[in-house]
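Source file final17.txt; content: compact mmCIF, C-alpha atoms and all ligand atoms.
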# COMPACT_ATOMS: atom_id res chain seq x y z
CA MET A 1 -23.13 15.62 7.24
CA ALA A 2 -25.71 14.64 9.82
CA THR A 3 -28.52 15.89 7.60
CA VAL A 4 -27.73 13.52 4.74
CA LYS A 5 -30.03 10.50 4.59
CA ARG A 6 -28.15 7.29 3.89
CA LYS A 7 -30.24 4.15 3.45
CA PRO A 8 -28.75 1.60 5.86
CA ILE A 9 -27.50 -1.68 4.42
CA ILE A 10 -27.69 -4.83 6.52
CA ALA A 11 -25.84 -7.77 5.02
CA GLY A 12 -25.63 -11.34 6.26
CA ASN A 13 -22.22 -12.89 5.67
CA TRP A 14 -22.86 -16.61 5.97
CA LYS A 15 -19.19 -17.49 5.57
CA MET A 16 -18.64 -21.25 5.00
CA PHE A 17 -21.99 -22.32 6.43
CA LYS A 18 -25.14 -23.78 4.84
CA ASN A 19 -25.36 -26.10 1.87
CA HIS A 20 -27.82 -25.11 -0.82
CA LEU A 21 -30.75 -26.95 0.77
CA GLU A 22 -30.13 -25.36 4.17
CA ALA A 23 -29.73 -22.03 2.41
CA ILE A 24 -33.18 -22.32 0.83
CA ALA A 25 -34.74 -23.04 4.22
CA LEU A 26 -32.96 -20.08 5.82
CA VAL A 27 -33.90 -17.60 3.10
CA GLN A 28 -37.51 -18.76 3.17
CA LYS A 29 -37.64 -17.93 6.88
CA ILE A 30 -35.87 -14.59 6.47
CA ASN A 31 -38.21 -13.69 3.66
CA TYR A 32 -41.21 -14.46 5.82
CA LEU A 33 -39.93 -12.40 8.76
CA VAL A 34 -38.70 -9.28 6.98
CA ARG A 35 -41.64 -6.95 6.34
CA PRO A 36 -42.12 -4.55 3.43
CA GLU A 37 -41.45 -1.56 5.67
CA ASP A 38 -38.15 -3.12 6.72
CA HIS A 39 -37.12 -3.17 3.08
CA ASP A 40 -38.17 0.48 2.82
CA ASN A 41 -35.94 1.32 5.78
CA ALA A 42 -32.84 -0.66 4.84
CA GLU A 43 -31.31 -2.67 2.04
CA VAL A 44 -31.21 -6.29 3.16
CA VAL A 45 -28.54 -8.50 1.60
CA VAL A 46 -27.73 -12.19 2.04
CA CYS A 47 -24.28 -13.50 1.09
CA PRO A 48 -24.41 -17.32 0.97
CA PRO A 49 -21.51 -19.54 -0.11
CA PHE A 50 -21.04 -19.83 -3.87
CA THR A 51 -22.69 -23.27 -4.02
CA ALA A 52 -25.96 -21.85 -2.68
CA LEU A 53 -26.15 -18.68 -4.78
CA ARG A 54 -28.14 -20.17 -7.64
CA ALA A 55 -30.69 -21.80 -5.33
CA VAL A 56 -31.15 -18.58 -3.35
CA GLN A 57 -31.38 -16.48 -6.51
CA THR A 58 -34.12 -18.74 -7.87
CA LEU A 59 -36.03 -18.50 -4.60
CA ILE A 60 -35.74 -14.71 -4.45
CA GLU A 61 -37.10 -14.47 -7.99
CA ALA A 62 -39.88 -17.01 -7.46
CA GLU A 63 -41.09 -15.21 -4.35
CA ASP A 64 -40.64 -11.76 -5.83
CA SER A 65 -38.58 -10.96 -2.75
CA ARG A 66 -36.82 -7.65 -2.18
CA LEU A 67 -33.87 -9.43 -0.58
CA LEU A 68 -30.62 -8.67 -2.39
CA LEU A 69 -27.95 -11.22 -3.12
CA GLY A 70 -24.23 -10.85 -2.51
CA GLY A 71 -21.06 -12.88 -3.06
CA GLN A 72 -18.45 -13.30 -0.34
CA ASN A 73 -15.40 -12.98 -2.58
CA CYS A 74 -14.32 -13.10 -6.22
CA HIS A 75 -11.23 -13.10 -8.41
CA TRP A 76 -10.11 -9.91 -10.14
CA GLU A 77 -9.79 -11.43 -13.61
CA LYS A 78 -12.98 -11.78 -15.58
CA GLU A 79 -12.07 -15.34 -16.59
CA GLY A 80 -8.98 -17.50 -16.87
CA ALA A 81 -6.98 -20.48 -15.70
CA PHE A 82 -7.43 -19.92 -11.96
CA THR A 83 -8.54 -23.28 -10.58
CA GLY A 84 -11.01 -22.94 -7.76
CA GLU A 85 -11.71 -19.25 -8.25
CA VAL A 86 -14.96 -17.47 -9.16
CA ALA A 87 -15.07 -14.41 -11.44
CA ALA A 88 -17.10 -11.27 -10.81
CA PRO A 89 -19.14 -11.59 -14.06
CA MET A 90 -20.25 -15.06 -12.89
CA LEU A 91 -21.67 -13.49 -9.74
CA ALA A 92 -23.30 -10.70 -11.73
CA ARG A 93 -24.97 -13.33 -13.91
CA LEU A 94 -26.51 -14.77 -10.73
CA LYS A 95 -27.96 -11.31 -10.06
CA CYS A 96 -25.64 -10.53 -7.19
CA SER A 97 -25.84 -6.84 -6.32
CA TYR A 98 -22.88 -6.80 -3.94
CA VAL A 99 -19.64 -8.68 -3.37
CA ILE A 100 -17.68 -8.58 -0.12
CA ALA A 101 -14.04 -7.69 -0.80
CA GLY A 102 -11.16 -8.00 1.63
CA HIS A 103 -12.94 -9.56 4.58
CA SER A 104 -10.44 -9.93 7.43
CA GLU A 105 -10.67 -13.74 7.14
CA ARG A 106 -9.56 -13.43 3.50
CA ARG A 107 -6.77 -11.10 4.54
CA GLN A 108 -5.69 -13.29 7.45
CA TYR A 109 -6.03 -16.83 6.07
CA PHE A 110 -5.61 -16.24 2.35
CA HIS A 111 -3.09 -13.42 2.55
CA GLU A 112 -5.12 -10.90 0.59
CA THR A 113 -3.48 -7.51 0.46
CA ASP A 114 -4.95 -4.05 0.01
CA ALA A 115 -3.75 -4.19 -3.61
CA ASP A 116 -5.67 -7.45 -4.15
CA VAL A 117 -8.77 -5.89 -2.62
CA ALA A 118 -8.46 -2.87 -4.93
CA ARG A 119 -8.21 -5.15 -7.97
CA LYS A 120 -11.25 -7.09 -6.80
CA ALA A 121 -13.23 -3.90 -6.20
CA THR A 122 -12.37 -2.76 -9.73
CA ALA A 123 -13.52 -6.11 -11.15
CA ILE A 124 -16.74 -6.00 -9.13
CA PHE A 125 -17.61 -2.58 -10.56
CA ALA A 126 -16.64 -3.68 -14.06
CA ALA A 127 -19.18 -6.51 -13.74
CA GLY A 128 -21.92 -4.07 -12.71
CA MET A 129 -22.02 -4.82 -8.98
CA LYS A 130 -20.88 -2.93 -5.89
CA PRO A 131 -18.15 -3.99 -3.47
CA ILE A 132 -18.49 -4.08 0.29
CA VAL A 133 -14.88 -3.26 1.13
CA CYS A 134 -13.85 -4.50 4.57
CA VAL A 135 -11.25 -2.88 6.79
CA GLY A 136 -10.37 -3.35 10.43
CA GLU A 137 -7.52 -3.44 12.91
CA THR A 138 -6.30 -6.41 14.94
CA LEU A 139 -6.18 -6.36 18.72
CA GLU A 140 -2.39 -5.97 18.65
CA GLN A 141 -2.71 -2.96 16.37
CA ARG A 142 -5.41 -1.42 18.58
CA ASP A 143 -3.40 -1.99 21.75
CA ALA A 144 -0.35 -0.43 20.11
CA GLY A 145 -2.39 2.69 19.32
CA ASP A 146 -2.17 2.05 15.58
CA THR A 147 -5.88 1.84 14.77
CA GLU A 148 -6.00 5.14 12.89
CA SER A 149 -2.95 4.57 10.73
CA VAL A 150 -3.98 0.98 9.95
CA ILE A 151 -7.50 2.02 8.92
CA ILE A 152 -6.32 4.97 6.85
CA GLY A 153 -3.79 2.73 5.08
CA GLN A 154 -6.35 -0.01 4.41
CA VAL A 155 -9.00 2.38 3.07
CA LYS A 156 -6.58 4.16 0.75
CA GLY A 157 -4.89 0.95 -0.39
CA SER A 158 -8.11 -0.99 -0.91
CA LEU A 159 -9.69 1.78 -3.00
CA ASP A 160 -6.58 2.53 -5.03
CA GLY A 161 -7.35 3.07 -8.71
CA LEU A 162 -11.12 3.44 -8.31
CA SER A 163 -12.76 6.52 -9.79
CA THR A 164 -14.49 9.03 -7.53
CA GLU A 165 -17.85 7.94 -8.97
CA GLN A 166 -17.06 4.34 -8.02
CA VAL A 167 -16.00 5.27 -4.50
CA ASN A 168 -19.31 7.12 -4.14
CA GLN A 169 -21.17 3.88 -4.93
CA LEU A 170 -19.35 1.39 -2.74
CA VAL A 171 -19.96 0.31 0.83
CA VAL A 172 -17.22 0.20 3.45
CA ALA A 173 -17.48 -2.26 6.32
CA TYR A 174 -15.52 -1.42 9.44
CA GLU A 175 -14.87 -4.70 11.19
CA PRO A 176 -12.38 -4.66 14.06
CA VAL A 177 -10.79 -8.10 13.81
CA TRP A 178 -10.94 -8.62 17.57
CA ALA A 179 -14.74 -8.25 17.51
CA ILE A 180 -15.43 -10.81 14.78
CA GLY A 181 -16.98 -14.03 16.05
CA THR A 182 -15.76 -13.31 19.56
CA GLY A 183 -18.94 -12.00 21.12
CA ARG A 184 -16.95 -8.87 21.89
CA THR A 185 -18.52 -5.85 20.19
CA ALA A 186 -16.79 -2.53 19.84
CA GLN A 187 -18.33 0.17 22.01
CA SER A 188 -20.74 1.93 19.70
CA SER A 189 -18.99 5.25 20.33
CA ASP A 190 -15.60 3.71 19.43
CA ALA A 191 -17.06 2.11 16.31
CA ASN A 192 -18.60 5.44 15.38
CA GLN A 193 -15.29 7.20 15.84
CA VAL A 194 -13.53 4.85 13.41
CA CYS A 195 -16.42 5.03 10.92
CA GLY A 196 -16.12 8.82 11.12
CA LEU A 197 -12.39 8.51 10.46
CA ILE A 198 -13.17 6.37 7.39
CA ARG A 199 -15.63 9.00 6.20
CA GLY A 200 -12.89 11.60 6.54
CA VAL A 201 -10.53 9.49 4.40
CA LEU A 202 -13.25 9.09 1.75
CA SER A 203 -13.67 12.85 1.75
CA ASP A 204 -9.90 13.34 1.40
CA LEU A 205 -10.06 11.06 -1.64
CA GLY A 206 -12.47 13.55 -3.20
CA ALA A 207 -15.56 11.38 -2.80
CA ASP A 208 -19.01 12.51 -1.68
CA ALA A 209 -18.30 11.05 1.74
CA ALA A 210 -21.58 12.17 3.29
CA SER A 211 -23.54 9.87 0.98
CA ILE A 212 -21.36 6.73 1.29
CA ARG A 213 -22.63 3.92 3.51
CA ILE A 214 -20.27 2.64 6.21
CA GLN A 215 -21.26 -0.56 8.00
CA TYR A 216 -20.07 -1.84 11.33
CA GLY A 217 -19.35 -5.56 11.67
CA GLY A 218 -18.20 -7.71 14.56
CA SER A 219 -20.59 -9.61 16.86
CA VAL A 220 -23.65 -7.62 15.80
CA LYS A 221 -26.67 -9.17 17.52
CA PRO A 222 -30.33 -8.24 18.02
CA GLY A 223 -29.38 -6.79 21.43
CA ASN A 224 -26.79 -4.31 20.18
CA ALA A 225 -27.92 -3.46 16.65
CA LYS A 226 -30.13 -0.54 17.61
CA GLU A 227 -27.46 1.19 19.66
CA LEU A 228 -24.83 0.74 16.95
CA MET A 229 -27.15 1.91 14.20
CA ALA A 230 -28.07 5.03 16.18
CA GLU A 231 -24.53 6.33 15.75
CA GLU A 232 -24.02 9.11 13.25
CA HIS A 233 -21.49 7.37 11.02
CA ILE A 234 -22.80 3.79 11.19
CA ASP A 235 -25.09 3.05 8.25
CA GLY A 236 -25.69 -0.65 8.60
CA ALA A 237 -24.19 -3.91 9.69
CA LEU A 238 -22.22 -6.78 8.25
CA VAL A 239 -23.49 -9.69 10.29
CA GLY A 240 -21.77 -13.05 10.56
CA GLY A 241 -22.93 -15.53 13.20
CA ALA A 242 -26.33 -13.92 13.83
CA SER A 243 -27.18 -13.99 10.12
CA LEU A 244 -27.37 -17.80 10.24
CA GLU A 245 -30.46 -17.63 12.47
CA ALA A 246 -33.47 -16.22 10.65
CA ASP A 247 -35.03 -14.84 13.82
CA ASP A 248 -31.87 -13.04 14.90
CA PHE A 249 -31.15 -11.67 11.45
CA ALA A 250 -34.72 -10.42 11.09
CA LEU A 251 -34.52 -8.74 14.50
CA ILE A 252 -31.33 -6.98 13.43
CA VAL A 253 -33.03 -5.86 10.20
CA ARG A 254 -35.95 -4.66 12.34
CA TYR A 255 -33.63 -2.82 14.73
CA ARG A 256 -35.90 0.22 14.77
CA ASP A 257 -38.78 -1.68 16.47
P1 LIG A 301 -19.68 -11.95 13.39
O1 LIG A 301 -18.95 -11.81 11.97
O2 LIG A 301 -20.97 -11.19 13.30
O3 LIG A 301 -19.90 -13.44 13.57
O4 LIG A 301 -18.77 -11.37 14.41
C1 LIG A 301 -18.94 -10.59 11.28
C2 LIG A 301 -18.17 -10.74 9.99
O5 LIG A 301 -17.14 -11.44 9.98
O6 LIG A 301 -18.56 -10.18 8.94
Take the structure in this file and express it as structure tokens.
Amino acid sequence: MATVKRKPIIAGNWKMFKNHLEAIALVQKINYLVRPEDHDNAEVVVCPPFTALRAVQTLIEAEDSRLLLGGQNCHWEKEGAFTGEVAAPMLARLKCSYVIAGHSERRQYFHETDADVARKATAIFAAGMKPIVCVGETLEQRDAGDTESVIIGQVKGSLDGLSTEQVNQLVVAYEPVWAIGTGRTAQSSDANQVCGLIRGVLSDLGADAASIRIQYGGSVKPGNAKELMAEEHIDGALVGGASLEADDFALIVRYRD
């Protein structure tokens, strides 16, 4: 497994921050700071709010940038009477390459279940994009010693119904809920252990687990990115707070420096 080369993927999850004008300014700075060799080393994705996607897409195209675009969520139907929702084909039309599915904030505040996440992942593939499927335990679950069973259940449930070929293409983000936005990062060895567990589940599902990218997310900053990324099973980062500062995000992308 250690010999397989997986291209890391570093994605900025902007959450509900930045209007479209602020988004343009941020992407211009990121674009300036991320060098060609950084793009060779890692896929770099920005996931702005829906209202900024079109502006950022236009900028990426105008500047011939290698930045990739991602959505933060989508509905599982390809269209319909679902007021306030956004369909996967709409994101594909905006040249999104990735869509985050099942972020813990969606699970916690909008009651998304593993079954919902699986339906979304299916819709994302059907529209020609790839899901970044998020899993992670809460502090209560960790303290109760349930991390393994929770993660195994979430991975299996969130990927239910996907073909092996699809599972081989997706990205999993391990984000311990207690580390998100708290400034508290998982120890890199602990994060690696859970990412290794996830890789084992992917293998049990019959996928080519050694080639699937698994990101860590939860208070990733310029100061801890290198150590996290050095771990065997960690193939990138899903970055929240630090992705809103161009300098910090670029330093995370340039973690090898
Ligand atoms: P954080 O968020 O980097 O601000 O902890 C990570 C995430 O929620 O994806």
Kindly provide, as a PDB file with C-alpha atoms, in the coordinates of the input, all nucleotide and amino acid residues lying within 10 Å of ligand LIG 301 (chain A), counting only C-alpha atoms and all ligand atoms.
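Listed below is the output, result24.pdb:
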ATOM      1  CA  ALA A  11     -25.840  -7.770   5.020  1.00  0.00           C
ATOM      2  CA  GLY A  12     -25.630 -11.340   6.260  1.00  0.00           C
ATOM      3  CA  ASN A  13     -22.220 -12.890   5.670  1.00  0.00           C
ATOM      4  CA  TRP A  14     -22.860 -16.610   5.970  1.00  0.00           C
ATOM      5  CA  LYS A  15     -19.190 -17.490   5.570  1.00  0.00           C
ATOM      6  CA  GLN A  72     -18.450 -13.300  -0.340  1.00  0.00           C
ATOM      7  CA  ILE A 100     -17.680  -8.580  -0.120  1.00  0.00           C
ATOM      8  CA  HIS A 103     -12.940  -9.560   4.580  1.00  0.00           C
ATOM      9  CA  SER A 104     -10.440  -9.930   7.430  1.00  0.00           C
ATOM     10  CA  GLU A 105     -10.670 -13.740   7.140  1.00  0.00           C
ATOM     11  CA  CYS A 134     -13.850  -4.500   4.570  1.00  0.00           C
ATOM     12  CA  ALA A 173     -17.480  -2.260   6.320  1.00  0.00           C
ATOM     13  CA  TYR A 174     -15.520  -1.420   9.440  1.00  0.00           C
ATOM     14  CA  GLU A 175     -14.870  -4.700  11.190  1.00  0.00           C
ATOM     15  CA  PRO A 176     -12.380  -4.660  14.060  1.00  0.00           C
ATOM     16  CA  VAL A 177     -10.790  -8.100  13.810  1.00  0.00           C
ATOM     17  CA  TRP A 178     -10.940  -8.620  17.570  1.00  0.00           C
ATOM     18  CA  ALA A 179     -14.740  -8.250  17.510  1.00  0.00           C
ATOM     19  CA  ILE A 180     -15.430 -10.810  14.780  1.00  0.00           C
ATOM     20  CA  GLY A 181     -16.980 -14.030  16.050  1.00  0.00           C
ATOM     21  CA  THR A 182     -15.760 -13.310  19.560  1.00  0.00           C
ATOM     22  CA  GLY A 183     -18.940 -12.000  21.120  1.00  0.00           C
ATOM     23  CA  ARG A 184     -16.950  -8.870  21.890  1.00  0.00           C
ATOM     24  CA  THR A 185     -18.520  -5.850  20.190  1.00  0.00           C
ATOM     25  CA  TYR A 216     -20.070  -1.840  11.330  1.00  0.00           C
ATOM     26  CA  GLY A 217     -19.350  -5.560  11.670  1.00  0.00           C
ATOM     27  CA  GLY A 218     -18.200  -7.710  14.560  1.00  0.00           C
ATOM     28  CA  SER A 219     -20.590  -9.610  16.860  1.00  0.00           C
ATOM     29  CA  VAL A 220     -23.650  -7.620  15.800  1.00  0.00           C
ATOM     30  CA  LYS A 221     -26.670  -9.170  17.520  1.00  0.00           C
ATOM     31  CA  ALA A 237     -24.190  -3.910   9.690  1.00  0.00           C
ATOM     32  CA  LEU A 238     -22.220  -6.780   8.250  1.00  0.00           C
ATOM     33  CA  VAL A 239     -23.490  -9.690  10.290  1.00  0.00           C
ATOM     34  CA  GLY A 240     -21.770 -13.050  10.560  1.00  0.00           C
ATOM     35  CA  GLY A 241     -22.930 -15.530  13.200  1.00  0.00           C
ATOM     36  CA  ALA A 242     -26.330 -13.920  13.830  1.00  0.00           C
ATOM     37  CA  SER A 243     -27.180 -13.990  10.120  1.00  0.00           C
ATOM     38  CA  LEU A 244     -27.370 -17.800  10.240  1.00  0.00           C
TER      39      LEU A 244
END
Could you check how far atom CA of Ile9 of chain A sits from atom CA of Asp208 of chain A, in Å to one decimal?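 Between atom CA of Ile9 of chain A and atom CA of Asp208 of chain A the gap is 17.6 Å.
Among the candidate residues A:Gly161, A:Pro36, A:Gly70, A:Gly145, the one lying nearest to Met90 of chain A is A:Gly70, with distances computed using all atoms listed in the file.
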Within 9 Å of Leu26 of chain A, counting all atoms listed in the file, which residues show up once you throw out same-chain ones fewer than 5 positions away? Write them as a ChimeraX atom specification, please. /A:18,21,31,244-246
Write out as a PyMOL selection string each polymer residue whose atoms come within 10 Å of Leu170 of chain A, counting only C-alpha atoms; drop sequence neighbours fewer than 6 positions from it. chain A and resi 98+121+125+129-133+159+212-214
